Every structure is written in C-alpha cells, then in structure tokens.
file input13.pdb (PDB, C-alpha atoms, pLDDT in the B column)
MODEL        1
ATOM      1  CA  MET A   1      73.432  76.664 144.673  1.00 90.00           C
ATOM      2  CA  TYR A   2      70.044  77.687 143.379  1.00 89.00           C
ATOM      3  CA  ILE A   3      67.798  80.733 143.162  1.00 90.00           C
ATOM      4  CA  ASN A   4      64.662  80.485 145.318  1.00 90.00           C
ATOM      5  CA  ARG A   5      63.001  83.559 143.863  1.00 86.00           C
ATOM      6  CA  VAL A   6      63.799  86.825 142.116  1.00 82.00           C
ATOM      7  CA  GLU A   7      61.527  89.755 142.887  1.00 78.00           C
ATOM      8  CA  GLY A   8      61.449  93.326 144.068  1.00 70.00           C
ATOM      9  CA  GLY A   9      65.101  94.093 143.299  1.00 72.00           C
ATOM     10  CA  LYS A  10      66.564  91.094 145.080  1.00 78.00           C
ATOM     11  CA  ALA A  11      67.145  87.383 144.753  1.00 82.00           C
ATOM     12  CA  SER A  12      66.946  84.717 147.433  1.00 86.00           C
ATOM     13  CA  VAL A  13      69.850  82.287 146.943  1.00 88.00           C
ATOM     14  CA  THR A  14      70.369  78.913 148.663  1.00 93.00           C
ATOM     15  CA  ILE A  15      73.915  77.550 149.000  1.00 92.00           C
ATOM     16  CA  SER A  16      74.102  73.913 150.076  1.00 93.00           C
ATOM     17  CA  ASN A  17      77.026  72.002 151.560  1.00 93.00           C
ATOM     18  CA  TYR A  18      76.728  68.286 150.798  1.00 92.00           C
ATOM     19  CA  THR A  19      80.197  67.462 152.162  1.00 89.00           C
ATOM     20  CA  ASP A  20      81.248  66.029 155.521  1.00 91.00           C
ATOM     21  CA  GLU A  21      83.229  69.202 156.333  1.00 89.00           C
ATOM     22  CA  GLU A  22      82.431  72.844 156.995  1.00 92.00           C
ATOM     23  CA  ILE A  23      82.883  75.118 153.965  1.00 91.00           C
ATOM     24  CA  LEU A  24      83.327  78.886 153.727  1.00 89.00           C
ATOM     25  CA  TYR A  25      81.744  81.415 151.404  1.00 86.00           C
ATOM     26  CA  GLY A  26      81.772  85.172 151.012  1.00 80.00           C
ATOM     27  CA  THR A  27      79.079  87.671 150.158  1.00 74.00           C
ATOM     28  CA  ASP A  28      80.948  88.521 146.963  1.00 75.00           C
ATOM     29  CA  PHE A  29      79.970  86.966 143.656  1.00 80.00           C
ATOM     30  CA  HIS A  30      80.499  87.341 139.931  1.00 83.00           C
ATOM     31  CA  LEU A  31      77.554  88.380 137.794  1.00 87.00           C
ATOM     32  CA  GLN A  32      77.186  88.167 134.020  1.00 91.00           C
ATOM     33  CA  LYS A  33      74.350  89.100 131.656  1.00 92.00           C
ATOM     34  CA  TYR A  34      73.466  87.187 128.490  1.00 95.00           C
ATOM     35  CA  ILE A  35      73.594  89.602 125.567  1.00 94.00           C
ATOM     36  CA  GLY A  36      73.254  88.361 121.991  1.00 93.00           C
ATOM     37  CA  SER A  37      75.068  85.043 122.170  1.00 95.00           C
ATOM     38  CA  ASP A  38      77.627  85.898 124.889  1.00 95.00           C
ATOM     39  CA  TRP A  39      77.851  86.214 128.658  1.00 95.00           C
ATOM     40  CA  VAL A  40      79.088  89.748 129.458  1.00 92.00           C
ATOM     41  CA  ASP A  41      80.444  90.820 132.862  1.00 88.00           C
ATOM     42  CA  VAL A  42      77.978  93.131 134.596  1.00 84.00           C
ATOM     43  CA  SER A  43      80.912  95.250 135.776  1.00 71.00           C
ATOM     44  CA  THR A  44      81.394  96.350 132.156  1.00 50.00           C
ATOM     45  CA  LEU A  45      77.704  97.287 131.939  1.00 49.00           C
ATOM     46  CA  VAL A  46      77.329  99.043 135.315  1.00 49.00           C
ATOM     47  CA  PRO A  47      80.384 101.170 136.230  1.00 47.00           C
ATOM     48  CA  ASN A  48      81.521 101.041 139.868  1.00 47.00           C
ATOM     49  CA  TYR A  49      79.207  98.229 140.970  1.00 49.00           C
ATOM     50  CA  ARG A  50      80.421  96.338 143.997  1.00 49.00           C
ATOM     51  CA  PHE A  51      79.171  93.879 146.550  1.00 50.00           C
ATOM     52  CA  ASN A  52      79.975  93.580 150.259  1.00 53.00           C
ATOM     53  CA  GLU A  53      82.666  91.136 151.221  1.00 60.00           C
ATOM     54  CA  GLY A  54      82.652  88.933 154.301  1.00 72.00           C
ATOM     55  CA  VAL A  55      83.316  85.297 155.091  1.00 80.00           C
ATOM     56  CA  TYR A  56      80.703  82.901 156.481  1.00 86.00           C
ATOM     57  CA  SER A  57      80.628  79.188 157.171  1.00 90.00           C
ATOM     58  CA  ILE A  58      78.202  76.447 156.197  1.00 93.00           C
ATOM     59  CA  PRO A  59      78.352  73.385 158.456  1.00 95.00           C
ATOM     60  CA  ALA A  60      78.540  69.911 156.924  1.00 94.00           C
ATOM     61  CA  HIS A  61      75.268  68.732 155.342  1.00 97.00           C
ATOM     62  CA  SER A  62      73.624  72.146 155.792  1.00 96.00           C
ATOM     63  CA  SER A  63      72.346  75.005 153.657  1.00 96.00           C
ATOM     64  CA  VAL A  64      72.105  78.763 154.015  1.00 92.00           C
ATOM     65  CA  VAL A  65      69.715  81.183 152.372  1.00 91.00           C
ATOM     66  CA  THR A  66      70.952  84.665 151.588  1.00 84.00           C
ATOM     67  CA  ASP A  67      69.382  87.638 149.852  1.00 81.00           C
ATOM     68  CA  VAL A  68      71.296  89.499 147.187  1.00 78.00           C
ATOM     69  CA  LYS A  69      69.972  93.010 146.564  1.00 75.00           C
ATOM     70  CA  TRP A  70      70.324  94.649 143.153  1.00 74.00           C
ATOM     71  CA  GLU A  71      67.638  97.253 142.588  1.00 72.00           C
ATOM     72  CA  TRP A  72      69.825  98.671 139.791  1.00 76.00           C
ATOM     73  CA  LEU A  73      69.775  95.428 137.789  1.00 79.00           C
ATOM     74  CA  GLY A  74      68.020  95.691 134.415  1.00 82.00           C
ATOM     75  CA  ASP A  75      65.754  93.072 132.875  1.00 86.00           C
ATOM     76  CA  GLY A  76      67.477  90.091 131.285  1.00 89.00           C
ATOM     77  CA  GLU A  77      69.041  86.661 131.709  1.00 91.00           C
ATOM     78  CA  TYR A  78      71.894  86.485 134.207  1.00 90.00           C
ATOM     79  CA  MET A  79      74.454  84.016 135.517  1.00 92.00           C
ATOM     80  CA  LEU A  80      75.572  84.220 139.143  1.00 88.00           C
ATOM     81  CA  THR A  81      78.939  82.644 139.987  1.00 88.00           C
ATOM     82  CA  LYS A  82      80.073  81.976 143.554  1.00 87.00           C
ATOM     83  CA  THR A  83      83.243  80.346 144.851  1.00 86.00           C
ATOM     84  CA  VAL A  84      83.243  78.384 148.109  1.00 88.00           C
ATOM     85  CA  LEU A  85      86.311  77.316 150.073  1.00 87.00           C
ATOM     86  CA  ASP A  86      87.019  74.013 151.764  1.00 87.00           C
ATOM     87  CA  PRO A  87      89.629  74.775 154.474  1.00 84.00           C
ATOM     88  CA  LYS A  88      92.385  72.222 155.098  1.00 85.00           C
ATOM     89  CA  GLU A  89      94.311  71.572 158.317  1.00 85.00           C
ATOM     90  CA  ASP A  90      97.508  73.054 156.844  1.00 90.00           C
ATOM     91  CA  GLY A  91      95.812  76.441 156.295  1.00 84.00           C
ATOM     92  CA  THR A  92      95.245  75.992 152.560  1.00 88.00           C
ATOM     93  CA  TYR A  93      91.892  75.775 150.791  1.00 87.00           C
ATOM     94  CA  ASP A  94      90.310  73.758 148.026  1.00 89.00           C
ATOM     95  CA  GLN A  95      87.982  75.859 145.892  1.00 89.00           C
ATOM     96  CA  ALA A  96      84.744  74.976 144.126  1.00 88.00           C
ATOM     97  CA  THR A  97      82.842  77.324 141.842  1.00 90.00           C
ATOM     98  CA  MET A  98      79.066  77.165 141.496  1.00 90.00           C
ATOM     99  CA  TYR A  99      76.948  78.673 138.712  1.00 91.00           C
ATOM    100  CA  VAL A 100      73.234  79.415 138.434  1.00 90.00           C
ATOM    101  CA  THR A 101      71.287  81.230 135.731  1.00 90.00           C
ATOM    102  CA  PHE A 102      68.076  83.198 136.235  1.00 86.00           C
ATOM    103  CA  VAL A 103      65.811  85.705 134.538  1.00 85.00           C
ATOM    104  CA  PHE A 104      65.244  89.108 136.118  1.00 80.00           C
ATOM    105  CA  GLY A 105      62.174  90.999 134.915  1.00 76.00           C
ATOM    106  CA  THR A 106      61.382  90.437 131.244  1.00 69.00           C
ATOM    107  CA  PRO A 107      64.396  89.348 129.150  1.00 55.00           C
TER     108      PRO A 107
ENDMDL
END
call {"tool": "encode", "arguments": {"input": "input13.pdb", "output": "structure tokens"}}
result
Amino acid sequence: MYINRVEGGKASVTISNYTDEEILYGTDFHLQKYIGSDWVDVSTLVPNYRFNEGVYSIPAHSSVVTDVKWEWLGDGEYMLTKTVLDPKEDGTYDQATMYVTFVFGTP
C-alpha cells in the first residue's frame, strides 16, 4: 500500500495484491497522528469520525486506487493502517495489515 498524493482534502491510495489469489479489503481504515513522540488515534482527536464500510476484491497480481476524503483532517504526520483478507476455501480468512505514513499540509 502506498500514498500516490495528498491534496485538496483527500489522499489517493494504491493497494497492491502480489499474491496468486484474490484478496478482499474494506473502505474502513485506522488513522493515527504523530504528536510529540507518539502515534495517537485520530478518533481521540476528532469525536464521532467514521468512514464508510464495504468489501471489495483485488484480483491476483493487481492493484486498485482509491480516494480517501478527509477535509476535516488537520496538518500533520499521519499513519494509515488497512487490513486485507485472504479468503480460504473453508470460509475462514488470513489477515494482513499494511501501514503507510504521510504528511498532510504542513506538519
């Protein structure tokens, strides 16, 4: 996962699937802001923030680009965390968590 660009209250994010199987991802994500010397959950900084939830697939050896809108986000250094699921034949999933940091505005 990587950030293509951050501008105008949104970020363009690419999620790549380098496996031989389809993977699933949702529109939800975890966001933290770097304050002092710690990563702090944005939910503790912005009451009642929430993101849409939905499930999408990424075919094997493919990538998707999605825009995440956050006009309310203040300047600073952030870490975006996203979990993807690798579905198994028995109905269970393996999970992988991806992290990317970025600067929004002037930190």
call {"tool": "resolve_selection", "arguments": {"input": "input13.pdb", "expression": "the PyMOL selection byres ((chain A and resi 75) around 10)", "output": "ChimeraX atom specification"}}
result
/A:33,72-74,76-78,103-107
call {"tool": "closest_residue", "arguments": {"input": "input13.pdb", "among": "A:Ser12, A:Val40, A:Tyr25, A:Asp20", "to": "Gln95 of chain A", "atoms": "all atoms listed in the file"}}
result
A:Tyr25
call {"tool": "resolve_selection", "arguments": {"input": "input13.pdb", "expression": "the PyMOL selection byres ((chain A and resi 67) around 12)", "output": "NGL selection string"}}
result
:A and (2-15 or 27-28 or 64-66 or 68-70)
call {"tool": "resolve_selection", "arguments": {"input": "input13.pdb", "expression": "the PyMOL selection byres ((chain A and resi 86) around 10)", "output": "list of chain:residue names"}}
result
A:Thr19, A:Glu21, A:Glu22, A:Ile23, A:Leu24, A:Tyr25, A:Ser57, A:Val84, A:Leu85, A:Pro87, A:Lys88, A:Thr92, A:Tyr93, A:Asp94, A:Gln95, A:Ala96
call {"tool": "closest_residue", "arguments": {"input": "input13.pdb", "among": "A:Ser43, A:Gln32, A:Ser62, A:Ser37", "to": "Phe102 of chain A", "atoms": "all atoms listed in the file"}}
result
A:Gln32
call {"tool": "atom_distance", "arguments": {"input": "input13.pdb", "atom1": "atom CA of Glu71 of chain A", "atom2": "atom CA of Phe29 of chain A"}}
result
16.1 Å
call {"tool": "atom_distance", "arguments": {"input": "input13.pdb", "atom1": "atom CA of Asn17 of chain A", "atom2": "atom CA of Leu80 of chain A"}}
result
17.5 Å
call {"tool": "axis_aligned_box", "arguments": {"input": "input13.pdb", "around": "segment 51-70 of chain A", "padding_each_side": "4 Å", "output": "lines of an AutoDock Vina configuration file"}}
result
center_x = 76.3
center_y = 81.7
center_z = 150.8
size_x = 21.9
size_y = 33.9
size_z = 23.3
call {"tool": "atom_distance", "arguments": {"input": "input13.pdb", "atom1": "atom CA of Tyr56 of chain A", "atom2": "atom CA of Met79 of chain A"}}
result
21.9 Å
call {"tool": "closest_residue", "arguments": {"input": "input13.pdb", "among": "A:Ser16, A:Gly91, A:Val100, A:Val42", "to": "Ile58 of chain A", "atoms": "only C-alpha atoms"}}
result
A:Ser16
call {"tool": "residues_around", "arguments": {"input": "input13.pdb", "residues": "Met98 of chain A", "least_positions_apart": "5", "cutoff": "7 Å", "atoms": "all atoms listed in the file", "output": "ChimeraX atom specification"}}
result
/A:1,81-83
